[in-house]
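Engineer: File follows, structure-v7.tsv with TSV, C-alpha atoms:
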```tsv
chain	number	residue	atom	x	y	z
Y	1	MET	CA	9.39	2.55	19.56
Y	2	LEU	CA	11.86	-0.12	18.52
Y	3	ARG	CA	15.19	1.63	19.02
Y	4	ASP	CA	17.47	-1.02	17.56
Y	5	LEU	CA	17.37	-4.47	16.00
Y	6	ARG	CA	20.06	-7.13	15.73
Y	7	LEU	CA	19.85	-10.28	13.62
Y	8	ARG	CA	22.06	-13.36	13.67
Y	9	ASP	CA	21.59	-16.17	11.12
Y	10	PHE	CA	18.09	-14.96	10.28
Y	11	ARG	CA	16.96	-15.61	6.68
Y	12	CYS	CA	19.65	-14.18	4.38
Y	13	PHE	CA	21.45	-12.28	7.15
Y	14	GLU	CA	24.48	-13.76	8.85
Y	15	SER	CA	24.68	-10.61	10.98
Y	16	LEU	CA	22.90	-7.27	10.93
Y	17	ASP	CA	22.78	-4.38	13.43
Y	18	LEU	CA	20.27	-1.58	12.84
Y	19	THR	CA	19.56	1.67	14.66
Y	20	LEU	CA	15.99	2.77	13.97
Y	21	ARG	CA	14.35	6.17	14.22
Y	22	PRO	CA	10.92	7.45	15.26
Y	23	GLY	CA	8.34	7.94	12.52
Y	24	LEU	CA	8.97	6.56	9.03
Y	25	ASN	CA	11.81	4.14	8.32
Y	26	PHE	CA	11.92	3.15	4.63
Y	27	PHE	CA	13.81	0.06	3.43
Y	28	ILE	CA	14.45	0.52	-0.28
Y	29	GLY	CA	15.66	-2.08	-2.76
Y	30	ALA	CA	14.81	-4.58	-5.46
Y	31	ASN	CA	12.92	-7.76	-4.69
Y	32	ALA	CA	14.60	-10.70	-2.91
Y	33	GLN	CA	17.29	-8.54	-1.26
Y	34	GLY	CA	16.24	-9.02	2.38
Y	35	LYS	CA	13.85	-6.10	3.00
Y	36	THR	CA	10.94	-8.25	4.13
Y	37	SER	CA	13.21	-10.34	6.37
Y	38	ILE	CA	14.06	-7.24	8.42
Y	39	LEU	CA	10.39	-6.56	9.09
Y	40	GLU	CA	9.78	-10.23	9.81
Y	41	ALA	CA	12.63	-10.23	12.34
Y	42	ALA	CA	11.09	-7.24	14.14
Y	43	CYS	CA	7.75	-9.06	14.35
Y	44	VAL	CA	9.32	-12.29	15.60
Y	45	LEU	CA	11.30	-10.41	18.25
Y	46	LEU	CA	8.23	-8.51	19.49
Y	47	ARG	CA	5.48	-11.15	19.08
Y	48	LEU	CA	7.46	-14.46	19.08
Y	49	HIS	CA	5.96	-15.68	15.82
Y	50	SER	CA	6.41	-15.03	12.13
Y	51	PRO	CA	3.69	-13.48	9.97
Y	52	ARG	CA	5.24	-15.18	6.94
Y	53	ALA	CA	5.81	-18.76	8.03
Y	54	SER	CA	3.96	-21.42	10.00
Y	55	SER	CA	7.22	-22.54	11.62
Y	56	LEU	CA	10.15	-20.46	12.84
Y	57	ALA	CA	12.45	-23.11	11.37
Y	58	GLU	CA	11.76	-21.54	7.96
Y	59	SER	CA	13.48	-18.34	9.13
Y	60	VAL	CA	16.82	-19.98	10.00
Y	61	ARG	CA	19.65	-19.07	7.63
Y	62	PHE	CA	20.64	-21.88	5.30
Y	63	ASP	CA	22.82	-24.58	6.88
Y	64	GLN	CA	22.48	-23.14	10.41
Y	65	VAL	CA	20.78	-24.68	13.46
Y	66	GLY	CA	19.00	-21.56	14.69
Y	67	PHE	CA	18.83	-17.79	14.82
Y	68	GLY	CA	19.05	-15.00	17.39
Y	69	LEU	CA	17.25	-11.65	17.62
Y	70	ASP	CA	17.87	-8.76	19.97
Y	71	GLY	CA	16.63	-5.20	20.43
Y	72	HIS	CA	15.25	-2.49	22.70
Y	73	TRP	CA	11.64	-1.36	22.88
Y	74	ASP	CA	12.10	2.00	24.56
Y	75	GLU	CA	14.14	1.01	27.64
Y	76	ARG	CA	13.10	-2.66	27.68
Y	77	HIS	CA	15.65	-5.14	26.38
Y	78	LEU	CA	14.23	-8.04	24.36
Y	79	HIS	CA	16.17	-11.12	23.37
Y	80	MET	CA	14.85	-14.12	21.48
Y	81	LYS	CA	16.56	-17.20	20.05
Y	82	PHE	CA	15.41	-20.26	18.18
Y	83	THR	CA	17.74	-23.27	18.21
Y	84	HIS	CA	17.14	-26.93	17.37
Y	85	ALA	CA	13.39	-26.25	17.04
Y	86	LEU	CA	13.21	-24.75	20.55
Y	87	LYS	CA	12.27	-21.16	21.34
Y	88	ALA	CA	13.75	-19.19	24.26
Y	89	PHE	CA	13.32	-15.54	25.17
Y	90	ALA	CA	14.47	-13.07	27.81
Y	91	LEU	CA	13.18	-9.72	29.05
Y	92	ASP	CA	15.71	-7.27	30.49
Y	93	SER	CA	18.27	-10.12	30.52
Y	94	LYS	CA	15.97	-12.35	32.61
Y	95	PRO	CA	14.91	-15.63	30.93
Y	96	GLN	CA	11.12	-15.98	30.72
Y	97	SER	CA	9.30	-19.29	31.15
Y	98	ARG	CA	5.93	-17.78	30.18
Y	99	SER	CA	5.25	-15.45	27.29
Y	100	ALA	CA	2.67	-13.14	28.94
Y	101	ASP	CA	5.07	-10.55	30.41
Y	102	TYR	CA	7.26	-10.58	27.32
Y	103	LEU	CA	4.37	-10.08	24.89
Y	104	ALA	CA	2.95	-7.25	27.01
Y	105	VAL	CA	5.93	-5.02	26.17
Y	106	ALA	CA	5.11	-4.19	22.53
Y	107	ARG	CA	2.27	-4.27	20.03
Y	108	VAL	CA	2.55	-4.83	16.29
Y	109	VAL	CA	0.55	-4.09	13.15
Y	110	TRP	CA	1.64	-6.16	10.12
Y	111	ILE	CA	0.46	-5.08	6.65
Y	112	SER	CA	1.53	-6.91	3.48
Y	113	ASN	CA	0.40	-7.94	0.00
Y	114	TYR	CA	-0.54	-11.30	1.46
Y	115	ASP	CA	-3.45	-9.53	3.18
Y	116	LEU	CA	-5.35	-9.96	-0.09
Y	117	GLU	CA	-6.21	-13.41	1.26
Y	118	LEU	CA	-8.44	-11.66	3.80
Y	119	VAL	CA	-10.77	-10.88	0.90
Y	120	ARG	CA	-10.42	-13.83	-1.45
Y	121	GLY	CA	-8.93	-16.57	0.72
Y	122	SER	CA	-10.47	-19.10	3.10
Y	123	GLY	CA	-11.94	-18.33	6.52
Y	124	THR	CA	-8.64	-19.35	8.11
Y	125	HIS	CA	-7.11	-16.00	7.09
Y	126	ARG	CA	-9.98	-13.99	8.58
Y	127	ARG	CA	-9.85	-15.96	11.86
Y	128	ARG	CA	-6.12	-15.24	12.10
Y	129	TYR	CA	-6.92	-11.57	11.52
Y	130	LEU	CA	-9.20	-11.61	14.57
Y	131	ASP	CA	-6.77	-13.70	16.62
Y	132	PHE	CA	-3.88	-11.30	15.93
Y	133	LEU	CA	-6.07	-8.48	17.21
Y	134	GLY	CA	-7.45	-10.40	20.17
Y	135	ALA	CA	-4.01	-11.52	21.34
Y	136	GLN	CA	-2.97	-7.87	21.68
Y	137	THR	CA	-6.17	-6.26	22.99
Y	138	VAL	CA	-8.27	-8.83	24.89
Y	139	PRO	CA	-7.02	-10.04	28.31
Y	140	ASN	CA	-6.33	-13.81	28.34
Y	141	TYR	CA	-7.42	-14.19	24.70
Y	142	LEU	CA	-4.24	-16.00	23.70
Y	143	ARG	CA	-4.52	-18.37	26.68
Y	144	HIS	CA	-8.08	-19.35	25.73
Y	145	LEU	CA	-7.16	-19.68	22.05
Y	146	ARG	CA	-4.36	-22.11	22.92
Y	147	ALA	CA	-6.61	-24.06	25.30
Y	148	TYR	CA	-9.32	-24.33	22.65
Y	149	ASP	CA	-6.83	-25.48	19.99
Y	150	ARG	CA	-5.42	-28.17	22.32
Y	151	ALA	CA	-8.88	-29.49	23.17
Y	152	LEU	CA	-9.94	-29.41	19.52
Y	153	ARG	CA	-6.87	-31.34	18.32
Y	154	SER	CA	-7.31	-33.99	21.02
Y	155	ARG	CA	-11.02	-34.31	20.37
Y	156	ASN	CA	-10.58	-34.62	16.61
Y	157	ALA	CA	-7.89	-37.27	17.05
Y	158	LEU	CA	-10.31	-39.38	19.12
Y	159	LEU	CA	-13.15	-38.85	16.65
Y	160	LYS	CA	-10.91	-39.96	13.81
Y	161	GLU	CA	-10.13	-43.17	15.69
Y	162	ALA	CA	-13.86	-43.69	16.46
Y	163	ARG	CA	-13.10	-43.88	20.17
Y	164	PRO	CA	-15.88	-44.25	22.79
Y	165	ARG	CA	-17.96	-41.17	23.49
Y	166	GLN	CA	-16.88	-40.92	27.11
Y	167	GLU	CA	-13.27	-40.42	26.00
Y	168	ILE	CA	-14.27	-37.72	23.52
Y	169	ALA	CA	-16.49	-35.99	26.11
Y	170	ALA	CA	-13.48	-35.54	28.41
Y	171	PHE	CA	-12.44	-32.58	26.23
Y	172	ASP	CA	-15.90	-31.03	25.86
Y	173	SER	CA	-15.70	-28.85	28.97
Y	174	SER	CA	-12.43	-27.18	27.95
Y	175	LEU	CA	-13.66	-26.80	24.37
Y	176	ILE	CA	-16.90	-25.14	25.47
Y	177	ASP	CA	-15.39	-22.91	28.18
Y	178	SER	CA	-12.59	-21.45	26.03
Y	179	GLY	CA	-14.66	-21.56	22.85
Y	180	SER	CA	-17.45	-19.49	24.39
Y	181	ILE	CA	-14.96	-16.80	25.41
Y	182	LEU	CA	-13.51	-16.74	21.89
Y	183	LEU	CA	-16.99	-16.38	20.40
Y	184	GLN	CA	-17.86	-13.50	22.73
Y	185	SER	CA	-14.53	-11.77	22.11
Y	186	ARG	CA	-14.76	-12.08	18.32
Y	187	THR	CA	-18.33	-10.77	18.32
Y	188	ALA	CA	-17.19	-7.69	20.26
Y	189	MET	CA	-14.11	-7.21	18.05
Y	190	CYS	CA	-16.15	-7.23	14.83
Y	191	ARG	CA	-18.60	-4.76	16.35
Y	192	ASP	CA	-15.75	-2.43	17.33
Y	193	LEU	CA	-14.03	-2.83	13.97
Y	194	GLN	CA	-17.01	-1.86	11.80
Y	195	PRO	CA	-16.81	1.95	12.16
Y	196	LEU	CA	-13.04	1.78	11.78
Y	197	VAL	CA	-13.40	-0.31	8.61
Y	198	THR	CA	-15.83	2.24	7.17
Y	199	ALA	CA	-13.56	5.17	7.98
Y	200	SER	CA	-10.44	3.44	6.61
Y	201	CYS	CA	-12.18	2.54	3.36
Y	202	HIS	CA	-13.28	6.14	2.87
Y	203	ARG	CA	-9.75	7.38	3.57
Y	204	ILE	CA	-8.10	5.05	1.04
Y	205	ALA	CA	-10.74	5.11	-1.70
Y	206	GLY	CA	-11.58	8.78	-1.32
Y	207	GLY	CA	-15.07	8.25	0.13
Y	208	SER	CA	-16.49	6.63	-3.01
Y	209	GLU	CA	-17.11	3.15	-1.58
Y	210	SER	CA	-18.90	1.59	1.39
Y	211	LEU	CA	-17.38	-1.37	3.22
Y	212	GLU	CA	-19.14	-3.60	5.76
Y	213	ILE	CA	-18.07	-6.67	7.73
Y	214	LYS	CA	-20.39	-9.24	9.30
Y	215	TYR	CA	-19.26	-11.79	11.87
Y	216	GLN	CA	-20.40	-15.34	11.05
Y	217	ALA	CA	-20.12	-17.48	14.19
Y	218	GLY	CA	-19.31	-21.15	13.70
Y	219	VAL	CA	-21.83	-22.18	16.35
Y	220	ALA	CA	-25.32	-21.25	17.56
Y	221	ASP	CA	-25.76	-19.14	20.71
Y	222	ASP	CA	-25.56	-22.16	23.03
Y	223	PHE	CA	-22.26	-23.88	22.25
Y	224	ALA	CA	-22.89	-26.81	24.61
Y	225	ARG	CA	-26.29	-27.54	23.10
Y	226	ALA	CA	-24.96	-27.23	19.55
Y	227	LEU	CA	-22.10	-29.60	20.34
Y	228	GLU	CA	-24.54	-32.17	21.75
Y	229	ALA	CA	-26.82	-31.83	18.72
Y	230	SER	CA	-23.93	-32.40	16.31
Y	231	ARG	CA	-22.99	-35.87	17.58
Y	232	ALA	CA	-24.45	-37.78	14.62
Y	233	GLU	CA	-22.66	-35.48	12.14
Y	234	GLU	CA	-19.42	-35.81	14.12
Y	235	ASP	CA	-19.63	-39.59	14.04
Y	236	ARG	CA	-20.25	-39.52	10.29
Y	237	ARG	CA	-17.45	-37.05	9.45
Y	238	ARG	CA	-15.14	-37.92	12.37
Y	239	VAL	CA	-14.36	-34.29	13.14
Y	240	THR	CA	-15.75	-31.53	15.37
Y	241	VAL	CA	-18.24	-29.72	13.14
Y	242	VAL	CA	-19.29	-26.73	15.29
Y	243	GLY	CA	-17.26	-24.15	17.18
Y	244	PRO	CA	-15.17	-21.01	16.71
Y	245	HIS	CA	-12.73	-22.92	14.51
Y	246	ARG	CA	-15.44	-22.53	11.86
Y	247	ASP	CA	-15.96	-18.78	12.37
Y	248	ASP	CA	-15.74	-16.42	9.41
Y	249	ILE	CA	-16.28	-12.79	8.41
Y	250	THR	CA	-18.43	-11.79	5.44
Y	251	ILE	CA	-17.01	-8.72	3.67
Y	252	CYS	CA	-19.39	-6.60	1.59
Y	253	LEU	CA	-18.42	-3.72	-0.70
Y	254	ASN	CA	-21.31	-1.46	-1.64
Y	255	GLY	CA	-23.69	-4.15	-0.38
Y	256	ARG	CA	-22.21	-7.01	-2.43
Y	257	ASP	CA	-19.89	-9.89	-1.55
Y	258	ALA	CA	-16.39	-8.47	-2.05
Y	259	SER	CA	-14.85	-11.86	-2.84
Y	260	GLN	CA	-17.19	-12.20	-5.82
Y	261	PHE	CA	-17.74	-8.70	-7.13
Y	262	ALA	CA	-14.78	-6.50	-6.12
Y	263	SER	CA	-12.10	-5.77	-8.72
Y	264	GLU	CA	-8.42	-6.48	-8.08
Y	265	GLY	CA	-7.80	-2.87	-7.14
Y	266	GLN	CA	-10.84	-2.78	-4.88
Y	267	GLN	CA	-9.75	-5.98	-3.15
Y	268	ARG	CA	-6.38	-4.42	-2.38
Y	269	SER	CA	-8.08	-1.34	-0.94
Y	270	ILE	CA	-10.40	-3.54	1.14
Y	271	ALA	CA	-7.49	-5.54	2.56
Y	272	LEU	CA	-5.70	-2.33	3.50
Y	273	ALA	CA	-8.86	-0.91	5.08
Y	274	LEU	CA	-9.24	-4.07	7.19
Y	275	LYS	CA	-5.64	-3.85	8.39
Y	276	LEU	CA	-5.90	-0.13	9.15
Y	277	ALA	CA	-9.07	-0.84	11.13
Y	278	GLN	CA	-7.22	-3.55	13.05
Y	279	ALA	CA	-4.43	-1.05	13.70
Y	280	GLY	CA	-6.92	1.56	14.87
Y	281	ARG	CA	-8.41	-0.89	17.35
Y	282	ILE	CA	-4.94	-1.72	18.70
Y	283	GLU	CA	-4.14	2.01	18.92
Y	284	ALA	CA	-7.34	2.56	20.93
Y	285	SER	CA	-6.44	-0.07	23.53
Y	286	PRO	CA	-4.87	1.25	26.76
Y	287	GLY	CA	-1.13	0.81	27.02
Y	288	VAL	CA	1.49	0.69	24.31
Y	289	ALA	CA	0.98	2.14	20.83
Y	290	PRO	CA	1.91	-0.34	18.07
Y	291	ILE	CA	4.75	-0.31	15.60
Y	292	TYR	CA	3.62	-0.57	11.96
Y	293	LEU	CA	5.46	-3.12	9.80
Y	294	ILE	CA	4.36	-2.48	6.21
Y	295	ASP	CA	5.74	-4.83	3.57
Y	296	ASP	CA	5.59	-4.16	-0.17
Y	297	VAL	CA	2.00	-2.88	-0.38
Y	298	PHE	CA	2.68	0.34	-2.30
Y	299	GLY	CA	3.80	-1.16	-5.62
Y	300	GLU	CA	0.31	-2.30	-6.61
Y	301	LEU	CA	-1.43	0.99	-5.75
Y	302	ASP	CA	-1.63	4.15	-7.82
Y	303	SER	CA	0.20	7.20	-6.47
Y	304	VAL	CA	-2.96	8.74	-5.01
Y	305	ARG	CA	-3.81	5.63	-2.98
Y	306	ARG	CA	-0.17	5.24	-1.92
Y	307	ASN	CA	-0.13	8.69	-0.38
Y	308	ASN	CA	-3.65	8.26	1.01
Y	309	LEU	CA	-2.51	5.11	2.79
Y	310	LEU	CA	0.60	6.80	4.16
Y	311	GLY	CA	-1.52	9.74	5.31
Y	312	ALA	CA	-3.96	7.39	7.06
Y	313	LEU	CA	-1.23	6.12	9.38
Y	314	PRO	CA	-0.79	7.89	12.75
Y	315	ALA	CA	1.85	10.58	12.33
Y	316	THR	CA	3.46	9.80	15.68
Y	317	ALA	CA	3.64	6.02	15.17
Y	318	GLN	CA	6.89	4.31	14.29
Y	319	LYS	CA	6.65	2.71	10.85
Y	320	LEU	CA	9.03	0.29	9.09
Y	321	VAL	CA	8.13	0.22	5.39
Y	322	THR	CA	9.61	-1.74	2.48
Y	323	VAL	CA	9.48	-0.23	-1.03
Y	324	THR	CA	11.26	-0.65	-4.35
Y	325	ALA	CA	11.30	3.13	-5.01
Y	326	LEU	CA	10.14	6.41	-3.44
Y	327	ASP	CA	9.55	8.61	-6.49
Y	328	TRP	CA	5.83	8.70	-5.64
Y	329	LEU	CA	6.27	10.10	-2.14
Y	330	GLU	CA	4.69	13.55	-1.77
Y	331	VAL	CA	5.90	14.50	1.72
Y	332	ALA	CA	9.02	12.89	3.16
Y	333	GLY	CA	9.02	14.89	6.40
Y	334	THR	CA	11.55	13.45	8.82
Y	335	ALA	CA	11.63	10.00	7.22
Y	336	SER	CA	14.74	7.85	7.47
Y	337	SER	CA	15.73	5.41	4.75
Y	338	PHE	CA	17.98	2.41	4.27
Y	339	GLU	CA	19.15	0.81	1.03
Y	340	VAL	CA	18.98	-3.00	1.10
Y	341	SER	CA	20.97	-5.05	-1.42
Y	342	GLY	CA	22.17	-8.64	-1.25
Y	343	GLY	CA	21.67	-8.91	2.49
Y	344	THR	CA	23.54	-5.69	3.28
Y	345	VAL	CA	21.96	-2.48	4.61
Y	346	ARG	CA	23.24	1.09	4.54
Y	347	ALA	CA	21.68	4.44	5.45
Y	348	ALA	CA	20.42	6.52	2.53
Y	349	ARG	CA	18.63	9.79	1.83
Y	350	VAL	CA	14.89	9.98	1.12
```
Since I need it in another form, could you write the structure as structure tokens?

Structural biologist:
Amino acid sequence: MLRDLRLRDFRCFESLDLTLRPGLNFFIGANAQGKTSILEAACVLLRLHSPRASSLAESVRFDQVGFGLDGHWDERHLHMKFTHALKAFALDSKPQSRSADYLAVARVVWISNYDLELVRGSGTHRRRYLDFLGAQTVPNYLRHLRAYDRALRSRNALLKEARPRQEIAAFDSSLIDSGSILLQSRTAMCRDLQPLVTASCHRIAGGSESLEIKYQAGVADDFARALEASRAEEDRRRVTVVGPHRDDITICLNGRDASQFASEGQQRSIALALKLAQAGRIEASPGVAPIYLIDDVFGELDSVRRNNLLGALPATAQKLVTVTALDWLEVAGTASSFEVSGGTVRAARV
């Protein structure tokens, strides 16, 4: 569990020190008071990236040059700072030059209203969904993802400039090697996720709906052959047209395309089922159980689905949850709560 969390110049917080508890930790308050920023800070500390922003610079408090985060995951001390667009991090007070050992300490599940984009957004959101899972459960997945992205950017830059084929081909080997591993890993992840997706959908919707996901690879079985066959199309469009950067997931509710036929309420339930399935897969991986960071998803659900969702979470997992009110909660148990207002936080009663 995350025992404590300290923020300096992060979002609206000049300074904040929190002591967290096992199980449920509710952060209660109106919108735009800083609740989500606390969860974001926990994710940045543990995973070194923000689930809300493409750049960590967006998380720096106004008129400051950087931010600092600090905390303990069990007995491990984590420290992370971002200053002048540079990221630095330390594990047990020892600066780390590589992220692998640091990222191995903790696992994270992030659930928010923005997850609706998994159902109705572009394929980019569904690829990120798989990448977030792969980075925490598949050995060397993150290394291959970064290698593939570097090769793809370089290759596309040369295609855009209409450079000679021999220059473009210099990146083919790296693209194919890392891309093939991504394709294999994503195929396996979708296969493992399917029964978890089905179970999560039944838990949230009360067993009345059937949810299915289908992996749509962005390349035929033989990546090298497909890349060779796409040369004419590449030259015409000046971009790499096949590969895992074009992967997607088709989501079907009761046998129909969820993006086209699911209602607003059904789409919210589907997004939650997908994230709970992702969480279940992370839970099943050997090693560290994840912390659940759940941001503002209860307001749009009826009271039955709110409590169904809460009941679907592992009882022993640590959960940080933002809400505007708790009058719907059926069983508080040993939950802890904090009132958040204007960038200040104080302990409260559930």

Engineer: So which one's closest to Leu142 in chain Y, Y:Ser185, Y:Leu175, Y:Thr124, Y:Ser230? Using all atoms listed in the file, please.

Structural biologist: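 Result for the nearest residue to Leu142 in chain Y: Y:Ser185.
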
Engineer: Compile the contact shell of Asp63 in chain Y as a list of chain:residue names: residues with an atom at most 12 Å away, counting all atoms listed in the file, same-chain residues fewer than 2 positions apart removed.

Structural biologist: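 Skipping anything fewer than 2 positions along the chain leaves Y:Asp9, Y:Phe10, Y:Arg11, Y:Cys12, Y:Glu14, Y:Ala57, Y:Glu58, Y:Ser59, Y:Val60, Y:Arg61, Y:Val65, Y:Gly66, Y:Phe67.
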
Engineer: Out of Y:Tyr215, Y:Trp73, Y:Tyr129, Y:Phe82, which residue has the shortest atom-to-atom distance to Ala104 in chain Y when counting only C-alpha atoms?

Structural biologist: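 Counting only C-alpha atoms, the residue closest to Ala104 in chain Y is Y:Trp73.
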
Engineer: For CA of Ser154 in chain Y and CA of Asp172 in chain Y, determine how far apart the two atoms are, in Å to one decimal place.

Structural biologist: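 Answer for the CA of Ser154 in chain Y to CA of Asp172 in chain Y separation: 10.3 Å.
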
Engineer: Find the residues around Ser285 in chain Y up to 12 Å (only C-alpha atoms counted), leave out those fewer than 3 positions away in its own chain, and share them as a PDB file with C-alpha atoms, in the coordinates of the input.

Structural biologist:
```
ATOM      1  CA  ARG Y 107       2.270  -4.270  20.030  1.00  0.00           C
ATOM      2  CA  LEU Y 133      -6.070  -8.480  17.210  1.00  0.00           C
ATOM      3  CA  GLY Y 134      -7.450 -10.400  20.170  1.00  0.00           C
ATOM      4  CA  ALA Y 135      -4.010 -11.520  21.340  1.00  0.00           C
ATOM      5  CA  GLN Y 136      -2.970  -7.870  21.680  1.00  0.00           C
ATOM      6  CA  THR Y 137      -6.170  -6.260  22.990  1.00  0.00           C
ATOM      7  CA  VAL Y 138      -8.270  -8.830  24.890  1.00  0.00           C
ATOM      8  CA  PRO Y 139      -7.020 -10.040  28.310  1.00  0.00           C
ATOM      9  CA  MET Y 189     -14.110  -7.210  18.050  1.00  0.00           C
ATOM     10  CA  ASP Y 192     -15.750  -2.430  17.330  1.00  0.00           C
ATOM     11  CA  GLN Y 278      -7.220  -3.550  13.050  1.00  0.00           C
ATOM     12  CA  ALA Y 279      -4.430  -1.050  13.700  1.00  0.00           C
ATOM     13  CA  GLY Y 280      -6.920   1.560  14.870  1.00  0.00           C
ATOM     14  CA  ARG Y 281      -8.410  -0.890  17.350  1.00  0.00           C
ATOM     15  CA  ILE Y 282      -4.940  -1.720  18.700  1.00  0.00           C
ATOM     16  CA  VAL Y 288       1.490   0.690  24.310  1.00  0.00           C
ATOM     17  CA  ALA Y 289       0.980   2.140  20.830  1.00  0.00           C
ATOM     18  CA  PRO Y 290       1.910  -0.340  18.070  1.00  0.00           C
TER      19      PRO Y 290
END
```

Engineer: Could you give me, as a tab-separated table, a per-residue list for range 101-215 of chain Y showing, wherever an atom lies at most 12 Å from an atom of range 231-248 of chain Y, the closest pair of atoms and their distance in Å to one decimal, using all atoms listed in the file and sorting by chain then residue number from low to high?

Structural biologist:
```
residue	atom	partner	partner_atom	distance
Y:Leu118	CA	Y:Asp248	CA	10.4
Y:Val119	CA	Y:Asp248	CA	11.3
Y:Gly121	CA	Y:Asp248	CA	11.0
Y:Ser122	CA	Y:Asp248	CA	8.6
Y:Gly123	CA	Y:Asp248	CA	5.1
Y:Thr124	CA	Y:Asp248	CA	7.8
Y:His125	CA	Y:Asp248	CA	8.9
Y:Arg126	CA	Y:Asp248	CA	6.3
Y:Arg127	CA	Y:Asp248	CA	6.4
Y:Arg128	CA	Y:Asp248	CA	10.1
Y:Tyr129	CA	Y:Asp248	CA	10.3
Y:Leu130	CA	Y:Asp248	CA	9.6
Y:Asp131	CA	Y:Pro244	CA	11.1
Y:His144	CA	Y:Pro244	CA	11.6
Y:Leu145	CA	Y:Pro244	CA	9.7
Y:Arg146	CA	Y:His245	CA	11.9
Y:Tyr148	CA	Y:His245	CA	8.9
Y:Asp149	CA	Y:His245	CA	8.4
Y:Arg150	CA	Y:His245	CA	11.9
Y:Ala151	CA	Y:Thr240	CA	10.6
Y:Leu152	CA	Y:Thr240	CA	7.4
Y:Arg153	CA	Y:Thr240	CA	9.4
Y:Ser154	CA	Y:Thr240	CA	10.5
Y:Arg155	CA	Y:Thr240	CA	7.4
Y:Asn156	CA	Y:Val239	CA	5.1
Y:Ala157	CA	Y:Val239	CA	8.1
Y:Leu158	CA	Y:Arg238	CA	8.4
Y:Leu159	CA	Y:Arg238	CA	4.8
Y:Lys160	CA	Y:Arg238	CA	4.9
Y:Glu161	CA	Y:Arg238	CA	8.0
Y:Ala162	CA	Y:Arg238	CA	7.2
Y:Arg163	CA	Y:Asp235	CA	9.9
Y:Pro164	CA	Y:Asp235	CA	10.6
Y:Arg165	CA	Y:Arg231	CA	9.4
Y:Ile168	CA	Y:Thr240	CA	10.3
Y:Ala169	CA	Y:Arg231	CA	10.7
Y:Phe171	CA	Y:Thr240	CA	11.4
Y:Asp172	CA	Y:Thr240	CA	10.5
Y:Leu175	CA	Y:Gly243	CA	8.5
Y:Ile176	CA	Y:Gly243	CA	8.4
Y:Asp177	CA	Y:Gly243	CA	11.2
Y:Ser178	CA	Y:Pro244	CA	9.7
Y:Gly179	CA	Y:Pro244	CA	6.2
Y:Ser180	CA	Y:Pro244	CA	8.2
Y:Ile181	CA	Y:Pro244	CA	9.7
Y:Leu182	CA	Y:Pro244	CA	6.9
Y:Leu183	CA	Y:Pro244	CA	6.2
Y:Gln184	CA	Y:Pro244	CA	10.0
Y:Ser185	CA	Y:Pro244	CA	10.7
Y:Arg186	CA	Y:Asp247	CA	9.0
Y:Thr187	CA	Y:Asp247	CA	10.3
Y:Cys190	CA	Y:Asp248	CA	10.7
Y:Ile213	CA	Y:Asp248	CA	10.2
Y:Lys214	CA	Y:Asp248	CA	8.6
Y:Tyr215	CA	Y:Asp248	CA	6.3
```

Engineer: Quick one: everything within 6 Å of range 17-19 of chain Y, counting all atoms listed in the file, minus sequence neighbours fewer than 3 positions away in the same chain. Send it as number ranges by chain.

Structural biologist: Y: 4-6

Engineer: Can you spit out the residues from that selection as a short mmCIF file (atom, residue, chain, number, x, y, z; two decimals), in the frame of the given file, using C-alpha atoms?

Structural biologist:
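This went into result-v4.cif:
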```
data_model
loop_
_atom_site.label_atom_id
_atom_site.label_comp_id
_atom_site.auth_asym_id
_atom_site.auth_seq_id
_atom_site.Cartn_x
_atom_site.Cartn_y
_atom_site.Cartn_z
CA ASP Y 4 17.47 -1.02 17.56
CA LEU Y 5 17.37 -4.47 16.00
CA ARG Y 6 20.06 -7.13 15.73
#
```

Engineer: Mind pulling up the distance from CA of Val321 in chain Y to CA of Ser269 in chain Y?

Structural biologist: 17.5 Å

Engineer: Considering only C-alpha atoms, return as a ChimeraX atom specification whatever protein or nucleic-acid residues lie within 12 Å of Ala258 in chain Y, sequence-local ones (same chain, fewer than 3 positions apart) excluded.

Structural biologist: /Y:116-121,209-213,249-255,261-271

Engineer: Within 9 Å of Leu293 in chain Y, counting all atoms listed in the file, which residues qualify if same-chain residues fewer than 4 places away don't, as a VMD selection string?

Structural biologist: chain Y and resid 39 to 40 42 to 43 108 to 112 318 to 322

Engineer: Rank Y:Leu16, Y:Ile38, Y:Leu2, Y:Ala312 by their smallest atom-to-atom distance to Thr344 in chain Y, using all atoms listed in the file, and report the top residue only.

Structural biologist: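 Of all the options, Y:Leu16 lies closest to Thr344 in chain Y.
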
Engineer: Pick out the closest residue to His72 in chain Y from this set: Y:Arg98, Y:Arg346, Y:His202, Y:Arg3. Count only C-alpha atoms.

Structural biologist: Y:Arg3

Engineer: What gap, in Å, lies between CA of Leu78 in chain Y and CA of Leu91 in chain Y?

Structural biologist: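 For CA of Leu78 in chain Y relative to CA of Leu91 in chain Y, the distance reads 5.1 Å.
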
Engineer: Out of Y:Arg349, Y:Lys87, Y:Arg225, Y:Arg203, which residue has the shortest atom-to-atom distance to Asn308 in chain Y when counting only C-alpha atoms?

Structural biologist: Y:Arg203

Engineer: With distances taken over all atoms listed in the file, which of Y:Gln64, Y:Leu193, Y:Val345, Y:Asp115 is nearest to Ala284 in chain Y?

Structural biologist: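 When distances to Ala284 in chain Y are compared using all atoms listed in the file, the smallest one comes from Y:Leu193.
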
Engineer: Return as lines of an AutoDock Vina configuration file the box centre and box size in Å, one decimal, for an axis-aligned box around all listed atoms of range 227-240 of chain Y padded by 5 Å per side.

Structural biologist:
```
center_x = -20.6
center_y = -34.6
center_z = 15.6
size_x = 22.5
size_y = 20.0
size_z = 22.3
```
